[in-house]
Amino acid sequence: MIDLPTKVQDPPIRLLAAFNEVYPSLSPSHVIQPPGRDMWIAAAVNTTREYTLHASDLGGRTKLNWRSAKQKMTVLRRPLPRWARYPAGVIYLLGDTGIEVDGVDVVVVGDEALGPRYDFALGVAVAALWYELNDLPYTPESLIDLVERVRREYIGG
């Protein structure tokens with residue numbers, strides 16, 4: 001049996017408040033919680049071919065596209081923030097297999113422990129979002145497998 005994306009029926013207020021603060025002129029088109037993770041994503045799709053990620057808990061924000069993710073850089077050609085390596089790796093690996101998104105503005109909040117666990121969960125959340133935006137089914141195991149692949153092949157650890 002395939003688990004479909006977990007859509008959040010009652011998202012945390014802090015997620016919606018953070019989204020409204022960061023993107024006051026937008027409304028999220030997708031609000032999800034990846035299975036088995038204490039992470040939530042609110043996202044609004046756009047047509048820029050760029051991905052703006054805002055990690056509310058970390059006070060971090062970065063902008064990527066597939067090419068900058070491939071080069072492990074932001075669109076401004078700066079090194080990726082540490083917390084953005086897993087999401088960038090997911091964007092690169094999925095884009096390399098044809099699973100792409102036109103553009104998206106994202107806010108993430110989580111109750112995962114800050115540090116490596118949070119970073120990994122952030123990658124899982126972005127993977128779940130990419131699958132949902134492409135109407136593709138996934139399982140918790142397939143998300144973890146993908147993010148483990150990011151760790152091995154993209155981050156190199």
# chains A, B, ... in the order shown; residues from 1 in each chain; ligands from 1
call {"tool": "residues_around", "arguments": {"residues": "A:Ala128", "least_positions_apart": "5", "cutoff": "12 Å", "atoms": "only C-alpha atoms", "output": "PyMOL selection string"}}
result
chain A and resi 3-7+30-37+39-43+87+90-91+94+99+121-123+133-144+146-147
call {"tool": "write_last_selection", "arguments": {"atoms": "N, CA and C atoms", "output": "CSV table (one decimal), in the first residue's frame"}}
result
chain,number,residue,atom,x,y,z
A,3,ASP,N,1.4,5.2,0.8
A,3,ASP,CA,0.9,6.3,1.6
A,3,ASP,C,1.0,7.5,0.8
A,4,LEU,N,-0.1,8.2,0.7
A,4,LEU,CA,-0.2,9.5,0.0
A,4,LEU,C,0.3,10.6,0.9
A,5,PRO,N,0.6,11.7,0.4
A,5,PRO,CA,1.1,12.8,1.2
A,5,PRO,C,0.1,13.1,2.3
A,6,THR,N,0.7,13.5,3.5
A,6,THR,CA,-0.1,13.8,4.6
A,6,THR,C,-0.4,15.3,4.5
A,7,LYS,N,-1.7,15.6,4.3
A,7,LYS,CA,-2.1,17.0,4.3
A,7,LYS,C,-2.5,17.4,5.7
A,30,HIS,N,-0.3,24.9,-0.6
A,30,HIS,CA,-0.1,23.6,0.0
A,30,HIS,C,0.4,23.7,1.4
A,31,VAL,N,-0.2,22.9,2.3
A,31,VAL,CA,0.3,22.8,3.7
A,31,VAL,C,0.3,21.3,4.0
A,32,ILE,N,1.5,20.9,4.2
A,32,ILE,CA,1.7,19.4,4.5
A,32,ILE,C,2.6,19.2,5.7
A,33,GLN,N,2.5,17.9,6.1
A,33,GLN,CA,3.4,17.4,7.2
A,33,GLN,C,3.9,16.1,6.7
A,34,PRO,N,5.2,15.9,6.4
A,34,PRO,CA,5.6,14.6,5.9
A,34,PRO,C,5.4,13.5,7.0
A,35,PRO,N,5.1,12.3,6.5
A,35,PRO,CA,4.8,11.3,7.5
A,35,PRO,C,5.9,11.0,8.4
A,36,GLY,N,5.6,10.9,9.7
A,36,GLY,CA,6.6,10.5,10.7
A,36,GLY,C,7.5,11.6,11.1
A,37,ARG,N,7.3,12.8,10.7
A,37,ARG,CA,8.1,14.0,11.1
A,37,ARG,C,7.3,15.1,11.7
A,39,MET,N,7.5,18.2,11.3
A,39,MET,CA,7.9,19.3,10.4
A,39,MET,C,6.6,19.7,9.6
A,40,TRP,N,6.4,21.0,9.3
A,40,TRP,CA,5.3,21.4,8.6
A,40,TRP,C,5.8,22.4,7.5
A,41,ILE,N,5.2,22.3,6.3
A,41,ILE,CA,5.5,23.2,5.2
A,41,ILE,C,4.3,23.9,4.7
A,42,ALA,N,4.4,25.2,4.5
A,42,ALA,CA,3.4,26.0,3.8
A,42,ALA,C,4.1,26.5,2.6
A,43,ALA,N,3.5,26.3,1.4
A,43,ALA,CA,4.1,26.7,0.2
A,43,ALA,C,3.1,27.3,-0.8
A,87,PRO,N,17.7,20.2,1.6
A,87,PRO,CA,16.7,20.6,0.6
A,87,PRO,C,17.3,20.8,-0.8
A,90,VAL,N,17.9,17.5,-2.4
A,90,VAL,CA,16.6,16.9,-2.8
A,90,VAL,C,16.2,17.6,-4.1
A,91,ILE,N,16.3,18.9,-4.2
A,91,ILE,CA,15.9,19.6,-5.4
A,91,ILE,C,16.8,19.2,-6.6
A,94,LEU,N,16.0,15.2,-7.4
A,94,LEU,CA,14.7,15.0,-8.0
A,94,LEU,C,14.6,15.7,-9.4
A,99,ILE,N,11.7,15.2,-11.9
A,99,ILE,CA,10.7,15.7,-11.0
A,99,ILE,C,11.0,17.1,-10.6
A,121,ALA,N,15.3,16.3,8.6
A,121,ALA,CA,13.9,16.3,8.5
A,121,ALA,C,13.4,17.4,7.5
A,122,LEU,N,14.2,18.5,7.4
A,122,LEU,CA,13.9,19.5,6.4
A,122,LEU,C,14.0,19.0,5.0
A,123,GLY,N,15.0,18.1,4.8
A,123,GLY,CA,15.1,17.5,3.5
A,123,GLY,C,13.9,16.6,3.2
A,133,LEU,N,3.6,18.3,-5.1
A,133,LEU,CA,3.4,19.3,-6.2
A,133,LEU,C,3.4,18.6,-7.6
A,134,ASN,N,4.0,17.4,-7.7
A,134,ASN,CA,4.0,16.7,-8.9
A,134,ASN,C,2.9,15.6,-8.9
A,135,ASP,N,2.1,15.5,-7.9
A,135,ASP,CA,1.0,14.5,-7.8
A,135,ASP,C,1.6,13.1,-7.9
A,136,LEU,N,2.7,12.9,-7.2
A,136,LEU,CA,3.3,11.5,-7.2
A,136,LEU,C,3.2,10.9,-5.8
A,137,PRO,N,2.9,9.7,-5.7
A,137,PRO,CA,2.8,9.0,-4.4
A,137,PRO,C,4.2,8.7,-3.9
A,138,TYR,N,4.2,8.6,-2.6
A,138,TYR,CA,5.5,8.3,-1.9
A,138,TYR,C,5.1,7.6,-0.6
A,139,THR,N,6.1,7.0,0.0
A,139,THR,CA,6.0,6.4,1.3
A,139,THR,C,7.0,7.0,2.2
A,140,PRO,N,6.9,6.9,3.5
A,140,PRO,CA,7.9,7.4,4.4
A,140,PRO,C,9.2,6.8,4.1
A,141,GLU,N,9.3,5.6,3.8
A,141,GLU,CA,10.6,4.9,3.5
A,141,GLU,C,11.2,5.5,2.2
A,142,SER,N,10.4,5.8,1.2
A,142,SER,CA,11.0,6.4,0.0
A,142,SER,C,11.5,7.8,0.2
A,143,LEU,N,10.9,8.5,1.1
A,143,LEU,CA,11.4,9.8,1.4
A,143,LEU,C,12.8,9.7,2.2
A,144,ILE,N,12.8,8.8,3.1
A,144,ILE,CA,14.1,8.6,3.9
A,144,ILE,C,15.2,8.1,3.0
A,146,LEU,N,15.5,8.7,-0.2
A,146,LEU,CA,16.0,9.8,-1.0
A,146,LEU,C,16.9,10.7,-0.2
A,147,VAL,N,16.5,11.0,1.0
A,147,VAL,CA,17.3,12.0,1.8
A,147,VAL,C,18.6,11.3,2.2
call {"tool": "residues_around", "arguments": {"residues": "stretch 14-28 of chain A", "least_positions_apart": "5", "cutoff": "12 Å", "atoms": "only C-alpha atoms", "output": "list in words"}}
result
Val8, Gln33, Met39, Trp40, Ile41, Ala42, Ala43, Ala44, Val45, Asn46, Thr52, Leu53, His54, Ala55, Ser56, Asp57, Leu58, Gly59, Gly60, Arg61, Val104, Asp105, Val106, Val107, Val108, Val109, Gly110 and Asp111 of chain A
call {"tool": "select_by_dssp", "arguments": {"residues": "stretch 69-106 of chain A", "states": "strand (DSSP E or B)", "output": "PyMOL selection string"}}
result
chain A and resi 73+79+104-106
call {"tool": "residues_around", "arguments": {"residues": "stretch 68-71 of chain A", "least_positions_apart": "2", "cutoff": "12 Å", "atoms": "only C-alpha atoms", "output": "PDB file with C-alpha atoms, in the first residue's frame"}}
result
ATOM      1  CA  ARG A  49      11.786  28.596 -11.621  1.00  0.00           C
ATOM      2  CA  GLU A  50      13.293  29.630  -8.267  1.00  0.00           C
ATOM      3  CA  TYR A  51      12.706  28.145  -4.838  1.00  0.00           C
ATOM      4  CA  THR A  62      17.760  31.199   0.881  1.00  0.00           C
ATOM      5  CA  LYS A  63      16.863  31.133  -2.796  1.00  0.00           C
ATOM      6  CA  LEU A  64      17.791  28.299  -5.151  1.00  0.00           C
ATOM      7  CA  ASN A  65      17.077  26.970  -8.582  1.00  0.00           C
ATOM      8  CA  TRP A  66      17.998  23.576 -10.016  1.00  0.00           C
ATOM      9  CA  MET A  73      25.200  27.494  -4.290  1.00  0.00           C
ATOM     10  CA  THR A  74      22.358  29.982  -3.893  1.00  0.00           C
ATOM     11  CA  VAL A  75      21.090  31.880  -6.931  1.00  0.00           C
ATOM     12  CA  LEU A  76      23.339  34.733  -5.769  1.00  0.00           C
ATOM     13  CA  ARG A  77      26.318  32.346  -6.137  1.00  0.00           C
ATOM     14  CA  ARG A  78      26.955  32.157  -2.408  1.00  0.00           C
ATOM     15  CA  PRO A  79      27.588  28.908  -0.535  1.00  0.00           C
ATOM     16  CA  LEU A  80      24.465  27.200   0.727  1.00  0.00           C
ATOM     17  CA  PRO A  81      23.643  27.726   4.376  1.00  0.00           C
ATOM     18  CA  ALA A  84      19.762  24.250   3.224  1.00  0.00           C
ATOM     19  CA  ARG A  85      22.058  21.446   2.039  1.00  0.00           C
ATOM     20  CA  TYR A  86      19.460  18.675   2.366  1.00  0.00           C
ATOM     21  CA  PRO A  87      16.676  20.635   0.616  1.00  0.00           C
ATOM     22  CA  ALA A  88      19.128  21.666  -2.137  1.00  0.00           C
ATOM     23  CA  GLY A  89      20.232  18.063  -2.579  1.00  0.00           C
ATOM     24  CA  VAL A  90      16.617  16.933  -2.841  1.00  0.00           C
ATOM     25  CA  ILE A  91      15.897  19.634  -5.425  1.00  0.00           C
ATOM     26  CA  TYR A  92      18.956  18.645  -7.433  1.00  0.00           C
ATOM     27  CA  LEU A  93      18.463  14.861  -7.317  1.00  0.00           C
ATOM     28  CA  LEU A  94      14.729  14.973  -8.034  1.00  0.00           C
ATOM     29  CA  GLY A  95      15.215  17.544 -10.795  1.00  0.00           C
ATOM     30  CA  ASP A  96      17.870  15.323 -12.312  1.00  0.00           C
ATOM     31  CA  VAL A 150      21.315  13.136  -0.680  1.00  0.00           C
ATOM     32  CA  GLU A 153      25.918  11.595  -2.927  1.00  0.00           C
ATOM     33  CA  TYR A 154      25.327  15.325  -2.493  1.00  0.00           C
ATOM     34  CA  ILE A 155      26.507  16.258   0.970  1.00  0.00           C
TER      35      ILE A 155
END
call {"tool": "atom_distance", "arguments": {"atom1": "atom CA of A:Ser29", "atom2": "atom CA of A:Gly103"}}
result
12.5 Å
call {"tool": "select_by_dssp", "arguments": {"residues": "stretch 32-143 of chain A", "states": "alpha helix (DSSP H)", "output": "mmCIF file with N, CA and C atoms, in the first residue's frame"}}
result
data_model
loop_
_atom_site.group_PDB
_atom_site.id
_atom_site.type_symbol
_atom_site.label_atom_id
_atom_site.label_comp_id
_atom_site.auth_asym_id
_atom_site.auth_seq_id
_atom_site.Cartn_x
_atom_site.Cartn_y
_atom_site.Cartn_z
ATOM 1 N N TRP A 66 17.388 24.890 -9.818
ATOM 2 C CA TRP A 66 17.998 23.576 -10.016
ATOM 3 C C TRP A 66 19.496 23.717 -10.297
ATOM 4 N N ARG A 67 19.856 24.657 -11.129
ATOM 5 C CA ARG A 67 21.271 24.834 -11.496
ATOM 6 C C ARG A 67 22.111 25.257 -10.289
ATOM 7 N N SER A 68 21.624 26.182 -9.480
ATOM 8 C CA SER A 68 22.403 26.601 -8.307
ATOM 9 C C SER A 68 22.502 25.459 -7.300
ATOM 10 N N ALA A 69 21.424 24.670 -7.163
ATOM 11 C CA ALA A 69 21.470 23.504 -6.266
ATOM 12 C C ALA A 69 22.521 22.514 -6.759
ATOM 13 N N LYS A 70 22.588 22.310 -8.060
ATOM 14 C CA LYS A 70 23.596 21.409 -8.634
ATOM 15 C C LYS A 70 25.004 21.878 -8.271
ATOM 16 N N ARG A 85 21.394 22.459 2.863
ATOM 17 C CA ARG A 85 22.058 21.446 2.039
ATOM 18 C C ARG A 85 21.130 20.278 1.699
ATOM 19 N N TYR A 86 20.377 19.783 2.671
ATOM 20 C CA TYR A 86 19.460 18.675 2.366
ATOM 21 C C TYR A 86 18.363 19.095 1.384
ATOM 22 N N PRO A 87 17.670 20.222 1.616
ATOM 23 C CA PRO A 87 16.676 20.635 0.616
ATOM 24 C C PRO A 87 17.289 20.842 -0.770
ATOM 25 N N ALA A 88 18.481 21.453 -0.839
ATOM 26 C CA ALA A 88 19.128 21.666 -2.137
ATOM 27 C C ALA A 88 19.456 20.340 -2.805
ATOM 28 N N GLY A 89 19.934 19.382 -2.031
ATOM 29 C CA GLY A 89 20.232 18.063 -2.579
ATOM 30 C C GLY A 89 18.995 17.366 -3.105
ATOM 31 N N VAL A 90 17.897 17.505 -2.389
ATOM 32 C CA VAL A 90 16.617 16.933 -2.841
ATOM 33 C C VAL A 90 16.198 17.585 -4.148
ATOM 34 N N ILE A 91 16.270 18.907 -4.204
ATOM 35 C CA ILE A 91 15.897 19.634 -5.425
ATOM 36 C C ILE A 91 16.762 19.195 -6.595
ATOM 37 N N TYR A 92 18.055 19.057 -6.362
ATOM 38 C CA TYR A 92 18.956 18.645 -7.433
ATOM 39 C C TYR A 92 18.682 17.202 -7.880
ATOM 40 N N LEU A 93 18.640 16.264 -6.937
ATOM 41 C CA LEU A 93 18.463 14.861 -7.317
ATOM 42 C C LEU A 93 17.109 14.605 -7.958
ATOM 43 N N LEU A 94 16.046 15.179 -7.418
ATOM 44 C CA LEU A 94 14.729 14.973 -8.034
ATOM 45 C C LEU A 94 14.646 15.658 -9.391
ATOM 46 N N GLY A 95 15.197 16.856 -9.502
ATOM 47 C CA GLY A 95 15.215 17.544 -10.795
ATOM 48 C C GLY A 95 15.995 16.780 -11.840
ATOM 49 N N ASP A 96 17.051 16.118 -11.400
ATOM 50 C CA ASP A 96 17.870 15.323 -12.312
ATOM 51 C C ASP A 96 17.100 14.115 -12.853
ATOM 52 N N PRO A 116 21.653 18.301 13.109
ATOM 53 C CA PRO A 116 21.569 17.333 12.013
ATOM 54 C C PRO A 116 20.181 16.707 11.840
ATOM 55 N N ARG A 117 19.496 16.415 12.945
ATOM 56 C CA ARG A 117 18.156 15.822 12.841
ATOM 57 C C ARG A 117 17.182 16.785 12.159
ATOM 58 N N TYR A 118 17.241 18.047 12.527
ATOM 59 C CA TYR A 118 16.381 19.066 11.932
ATOM 60 C C TYR A 118 16.691 19.208 10.445
ATOM 61 N N ASP A 119 17.970 19.281 10.109
ATOM 62 C CA ASP A 119 18.380 19.436 8.714
ATOM 63 C C ASP A 119 17.881 18.272 7.865
ATOM 64 N N PHE A 120 18.016 17.042 8.378
ATOM 65 C CA PHE A 120 17.564 15.849 7.670
ATOM 66 C C PHE A 120 16.041 15.911 7.477
ATOM 67 N N ALA A 121 15.324 16.255 8.554
ATOM 68 C CA ALA A 121 13.863 16.347 8.475
ATOM 69 C C ALA A 121 13.427 17.429 7.491
ATOM 70 N N LEU A 122 14.199 18.486 7.393
ATOM 71 C CA LEU A 122 13.913 19.539 6.423
ATOM 72 C C LEU A 122 14.014 18.990 4.998
ATOM 73 N N GLY A 123 15.010 18.139 4.754
ATOM 74 C CA GLY A 123 15.120 17.482 3.451
ATOM 75 C C GLY A 123 13.935 16.582 3.173
ATOM 76 N N VAL A 124 13.494 15.841 4.179
ATOM 77 C CA VAL A 124 12.322 14.967 4.039
ATOM 78 C C VAL A 124 11.089 15.803 3.702
ATOM 79 N N ALA A 125 10.934 16.935 4.384
ATOM 80 C CA ALA A 125 9.774 17.794 4.138
ATOM 81 C C ALA A 125 9.773 18.353 2.720
ATOM 82 N N VAL A 126 10.925 18.799 2.248
ATOM 83 C CA VAL A 126 11.007 19.326 0.878
ATOM 84 C C VAL A 126 10.750 18.211 -0.132
ATOM 85 N N ALA A 127 11.249 17.024 0.125
ATOM 86 C CA ALA A 127 10.976 15.887 -0.770
ATOM 87 C C ALA A 127 9.476 15.614 -0.838
ATOM 88 N N ALA A 128 8.807 15.595 0.308
ATOM 89 C CA ALA A 128 7.355 15.360 0.330
ATOM 90 C C ALA A 128 6.628 16.450 -0.454
ATOM 91 N N LEU A 129 7.071 17.689 -0.292
ATOM 92 C CA LEU A 129 6.449 18.784 -1.037
ATOM 93 C C LEU A 129 6.628 18.589 -2.535
ATOM 94 N N TRP A 130 7.837 18.228 -2.977
ATOM 95 C CA TRP A 130 8.093 18.043 -4.417
ATOM 96 C C TRP A 130 7.207 16.930 -4.980
ATOM 97 N N TYR A 131 7.086 15.833 -4.244
ATOM 98 C CA TYR A 131 6.217 14.752 -4.704
ATOM 99 C C TYR A 131 4.769 15.209 -4.769
ATOM 100 N N GLU A 132 4.324 15.930 -3.753
ATOM 101 C CA GLU A 132 2.939 16.397 -3.763
ATOM 102 C C GLU A 132 2.687 17.364 -4.908
ATOM 103 N N LEU A 133 3.598 18.298 -5.137
ATOM 104 C CA LEU A 133 3.414 19.264 -6.219
ATOM 105 C C LEU A 133 3.383 18.589 -7.590
ATOM 106 N N PRO A 140 6.851 6.884 3.532
ATOM 107 C CA PRO A 140 7.866 7.416 4.447
ATOM 108 C C PRO A 140 9.248 6.838 4.131
ATOM 109 N N GLU A 141 9.291 5.557 3.778
ATOM 110 C CA GLU A 141 10.565 4.910 3.465
ATOM 111 C C GLU A 141 11.208 5.491 2.222
ATOM 112 N N SER A 142 10.402 5.805 1.204
ATOM 113 C CA SER A 142 10.984 6.359 -0.026
ATOM 114 C C SER A 142 11.544 7.760 0.225
ATOM 115 N N LEU A 143 10.908 8.526 1.102
ATOM 116 C CA LEU A 143 11.438 9.846 1.446
ATOM 117 C C LEU A 143 12.774 9.714 2.168
#
call {"tool": "atom_distance", "arguments": {"atom1": "atom CA of A:Trp83", "atom2": "atom CA of A:Gly115"}}
result
8.2 Å
call {"tool": "atom_distance", "arguments": {"atom1": "atom CA of A:Asp38", "atom2": "atom CA of A:Val101"}}
result
23.8 Å
